[in-house]
Amino acid sequence: MSLLITNIGELTTNNEETDYARLHDAAVVLEGETIAWVGSAAQAPAADERVDADGCAVLPGWVDSHTHMVFAGDRTAEFEARLAGKPYAAGGINVTVAATRAATDEQLRATLARLVAEARAGGTTTIETKTGYGLTVADETRSARLAAEVVEEVTFLGAHVVPQGTDREAFLTSVTGPMLDAVAPFISAVDVFCESGAFDAAETERVLTAARSRGFATHVHGNQLGHGPGVRLAVEYGSLSVDHLGFLSEEDVAALAATWRPDHPTRGTVATILPACDLSTRMPLAPARRLADAGVVIALASNCNPGTSYTSSMDFCVATAVLQMGLSVEEAVRAATLGGAIALDRDRSRPGRPRVGALVVGARADVQLLDAPSATHLAYRPGMPLTRSVWRAGQRLR
Ligand SMILES: N=CN[C@@H](CCC(=O)O)C(=O)O
Ligand SMILES: [Zn+2]
């Protein structure tokens, strides 16, 4: 079954080969799960079905490369305390750990389904989600298994915090051994919260080493609450991304930039910025402009979780990145699509892992149509419901 979306006023393709140029008076053809044709509306081939975009903007579906959606419970009281001036601290995670352990599979599934549905309705077609609210072998395995039922990228975040009442050394031994082995069938990457109140540099290295020795890609939560070793270690260990980044030294920015120079031997480390979290925790916004000017590839993600960022709205993240972090609309949209795909190592097609984040021939047919003539309206009309239609793998979701 093929579908022609035509009369597109502005088409964001993220096609590197055409210098990321946006097309006007454009059309795309979806064939089954895949993008089959992209070009000028006047030259579009016939298809089984046709959608008229009425001159509106079409973009790749959002790629949300950082969320924590497997949880139970509520942290409104902690949020209210923050509004009254109490700073965010990693310890709050234990409240969600207790609620998550007490929840049934069906309760966790229901929350996950609700959050995934919200994200999809907002144009998100690729979701990464992390474990990290179970923190025993059984609870982390359950979180990974339930996540894998509904999202395509599951990341093991056993090293989120040392749970209350647990011996630190015994916990780390489990996270880097039996716990990691138990979740392995459900995950594609490993993450670690490198921060005071969570895990220090030596502990972070243990987690990254264990992941690497089993062939898993890694991510690091780093430099969120203060300056620290997160960025340095992510770069040293070749992590796919380092996320948060509210506190960066000149050396941190230079180290990240060096990974994107053509002479760098491996794939670079993406800087994932999480503006909704920065705002909700009342922490400094990550220096996105500085990172972009230094040549660092940026991903923009929601960090949807009950503690620091209870939203999956990528539209909100894009608007904030433009209005408050100094990115252009093009940069912010690219970070929320192609940037996320690069952070998940999904910007090229591999068996069982189709390319996402770009509207180019061969990529997965993940498409959003806005109720607006250009992507600029995401920042120009912040907070407005601009998602008109969404297709994921060729299936219409709304
Ligand atoms: N920073 C660490 N983890 C989450 C927050 C988890 C929580 O507070 O529940 C984050 O990315 O912000
Ligand atoms: Zn996070």
# chains A, B, ... in the order shown; residues from 1 in each chain; ligands from 1
$ residues_around --residues "range 111-124 of chain A" --least-positions-apart "4" --cutoff "7 Å" --atoms "only C-alpha atoms" --output "list of chain:residue names"
A:Gly61, A:Trp62, A:Val63, A:Asp64, A:Met69, A:Val70, A:Gln107, A:Ser312, A:Ser313, A:Gln368, A:Thr387, A:Val390, A:Arg398
$ residues_around --residues "Ala234 in chain A" --least-positions-apart "4" --cutoff "9 Å" --atoms "only C-alpha atoms" --output "ChimeraX atom specification"
/A:208,218-220,222,229-230,238-242,256,269
$ closest_atom_pairs --of "chain A" --to "ligand 2" --cutoff "12 Å" --atoms "only C-alpha atoms and all ligand atoms" --output "CSV"
residue,atom,partner,partner_atom_place_in_ligand_line,distance
A:Asp64,CA,ligand 2,1 (Zn),11.7
A:Ser65,CA,ligand 2,1 (Zn),9.9
A:His66,CA,ligand 2,1 (Zn),6.2
A:Thr67,CA,ligand 2,1 (Zn),6.1
A:His68,CA,ligand 2,1 (Zn),6.4
A:Met69,CA,ligand 2,1 (Zn),10.1
A:Ala90,CA,ligand 2,1 (Zn),11.0
A:Ile93,CA,ligand 2,1 (Zn),10.9
A:Glu128,CA,ligand 2,1 (Zn),10.7
A:Thr129,CA,ligand 2,1 (Zn),9.0
A:Lys130,CA,ligand 2,1 (Zn),7.8
A:Thr131,CA,ligand 2,1 (Zn),10.0
A:Gly132,CA,ligand 2,1 (Zn),9.4
A:Tyr133,CA,ligand 2,1 (Zn),11.4
A:Thr155,CA,ligand 2,1 (Zn),10.6
A:Phe156,CA,ligand 2,1 (Zn),11.5
A:Leu157,CA,ligand 2,1 (Zn),9.1
A:Ala159,CA,ligand 2,1 (Zn),11.5
A:His160,CA,ligand 2,1 (Zn),9.0
A:Val161,CA,ligand 2,1 (Zn),11.9
A:Asp191,CA,ligand 2,1 (Zn),9.1
A:Val192,CA,ligand 2,1 (Zn),9.4
A:Phe193,CA,ligand 2,1 (Zn),8.0
A:Cys194,CA,ligand 2,1 (Zn),11.0
A:Glu195,CA,ligand 2,1 (Zn),11.9
A:His219,CA,ligand 2,1 (Zn),10.1
A:Val220,CA,ligand 2,1 (Zn),9.1
A:His221,CA,ligand 2,1 (Zn),6.4
A:Gly222,CA,ligand 2,1 (Zn),9.5
A:Asn223,CA,ligand 2,1 (Zn),11.8
A:Gln224,CA,ligand 2,1 (Zn),9.7
A:Ser241,CA,ligand 2,1 (Zn),11.7
A:Val242,CA,ligand 2,1 (Zn),10.3
A:Asp243,CA,ligand 2,1 (Zn),7.4
A:His244,CA,ligand 2,1 (Zn),7.7
A:Leu245,CA,ligand 2,1 (Zn),11.4
A:Thr272,CA,ligand 2,1 (Zn),10.1
A:Ile273,CA,ligand 2,1 (Zn),10.4
A:Leu274,CA,ligand 2,1 (Zn),8.6
A:Pro275,CA,ligand 2,1 (Zn),11.7
A:Ala276,CA,ligand 2,1 (Zn),11.3
A:Cys277,CA,ligand 2,1 (Zn),8.8
A:Asp278,CA,ligand 2,1 (Zn),11.3
A:Ala301,CA,ligand 2,1 (Zn),9.6
A:Ser302,CA,ligand 2,1 (Zn),9.0
A:Asn303,CA,ligand 2,1 (Zn),5.3
A:Cys304,CA,ligand 2,1 (Zn),7.8
A:Asn305,CA,ligand 2,1 (Zn),7.5
A:Pro306,CA,ligand 2,1 (Zn),10.5
A:Gly307,CA,ligand 2,1 (Zn),9.6
A:Thr308,CA,ligand 2,1 (Zn),8.4
A:Ser309,CA,ligand 2,1 (Zn),8.8
A:Tyr310,CA,ligand 2,1 (Zn),11.3
$ select_by_dssp --residues "range 93-151 of chain A" --states "strand (DSSP E or B)" --output "number ranges by chain"
A: 124-130
$ write_last_selection --atoms "C-alpha atoms" --output "compact mmCIF listing (two decimals), in the first residue's frame"
# COMPACT_ATOMS: atom_id res chain seq x y z
CA THR A 124 6.94 11.45 18.55
CA THR A 125 7.57 8.32 16.48
CA THR A 126 10.73 6.95 18.13
CA ILE A 127 10.99 6.61 21.91
CA GLU A 128 13.92 5.56 24.03
CA THR A 129 13.11 4.76 27.63
CA LYS A 130 15.24 3.80 30.60
$ select_by_dssp --residues "range 36-113 of chain A" --states "alpha helix (DSSP H)" --output "PyMOL selection string"
chain A and resi 76-83+93-102+105-113
$ atom_distance --atom1 "CA of Ala336 in chain A" --atom2 "CA of Ser196 in chain A"
28.4 Å
$ atom_distance --atom1 "CA of Val97 in chain A" --atom2 "CA of Pro284 in chain A"
26.5 Å
$ residues_around --residues "Ala363 in chain A" --least-positions-apart "5" --cutoff "9 Å" --atoms "only C-alpha atoms" --output "PyMOL selection string"
chain A and resi 33-36+347-349+354-358
